[in-house]
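Chemist: Please read through the structure below; I'll follow up with questions.
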Amino acid sequence: MYRQVEESQTFLINTQSKNLTAQNKKVIKFGFGQSPFLPPKSVMIALESAVHHKEYSSVQGDLELRENMVQFHKAHNGLQVAPENILIAPGSKILIYNILMSFKKADVFIPLQHGSRMHLRQNLQGTIS
Amino acid sequence: MILNYPGNPDGLTYTEDELKDIAQAAKALNILVIADEIYGLLDHSHTHLSFAN
């Protein structure tokens, strides 16, 4: 089943700011969450050294990474989380989407302070009422 | 209920008292809370409190 999906506000802002930049106007961008900085050098080196790993990795996330996340949450949030209760994903958007997908129907409350893509997530799921 | 704090790009966030109020209401009404705190480390006042606490 297809559902009409609204244009992403983030992409709209990005397109409009690009147009203004093309007109030689100074634009300070807050639309795209894309860092102008390079990743830390240690991360880039680690990525380069892992490029030969072509096998599928764990769907839940490598155990070593999940165990490091356990330490992270303990140190930063004071939380005790078991590694088997951690799911690694490329960003929180897909995780929230997966949670919403697990409900056939639900009332969704989102306080005003939220990212611009939250409504898109709701529309994709169609659970808002 | 989906909580997304601190917000991007303005960094708006909730105080401990506000989070407690939300938690109390969510518990009373049996509401599942999804907290997206990906920018928690960017709270410049270093007072970010995870909802799970």
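Every chain in the structure tokens takes a letter, A first, then B, and so on in the order presented; its residues are numbered from 1, and the ligands are numbered from 1 following the presented order.
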Using only C-alpha atoms and a cut-off of 12 Å, which residues of chain B sit close to chain A? Please list them as a ChimeraX atom specification.
Modeler: /B:1-14,22,26,31-41,46-53
Chemist: Work out how far CA of Asn24 in chain A is from CA of Pro39 in chain A, in Å to one decimal.
Modeler: 28.8 Å
Chemist: Identify all residues of chain B in alpha helix (DSSP H) (DSSP on the backbone) and supply them as a list in words.
Modeler: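 Put together, the selection reads Glu16, Asp17, Glu18, Leu19, Lys20, Asp21, Ile22, Ala23, Gln24, Ala25, Ala26, Lys27 and Ala28 of chain B.
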Chemist: Taking the DSSP secondary structure from the backbone, can you list the residues of chain B that are strand (DSSP E or B), as a CSV table (one decimal) with N, CA and C atoms, in the first residue's frame?
Modeler:
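Okay, this is what ended up in out-v7.csv:
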chain,number,residue,atom,x,y,z
B,2,ILE,N,6.8,10.5,22.0
B,2,ILE,CA,8.2,10.6,21.5
B,2,ILE,C,8.8,11.9,22.0
B,3,LEU,N,9.9,11.7,22.8
B,3,LEU,CA,10.6,12.8,23.3
B,3,LEU,C,11.9,12.9,22.5
B,4,ASN,N,12.2,14.1,22.0
B,4,ASN,CA,13.5,14.3,21.3
B,4,ASN,C,14.2,15.5,21.9
B,34,ILE,N,9.3,7.0,24.0
B,34,ILE,CA,10.5,6.7,23.2
B,34,ILE,C,11.3,8.0,23.3
B,35,ALA,N,12.5,7.9,23.9
B,35,ALA,CA,13.3,9.1,24.1
B,35,ALA,C,14.5,9.0,23.2
B,36,ASP,N,14.5,10.0,22.3
B,36,ASP,CA,15.6,10.1,21.3
B,36,ASP,C,16.6,11.2,21.9
Chemist: Just how far from CA of Ala82 in chain A is CA of Leu65 in chain A, in Å to one decimal?
Modeler: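 So the answer is 12.4 Å.
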Chemist: CA of Leu63 in chain A and CA of Ile88 in chain A are how many Å apart?
Modeler: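 CA of Ile88 in chain A lies 10.0 Å from CA of Leu63 in chain A.
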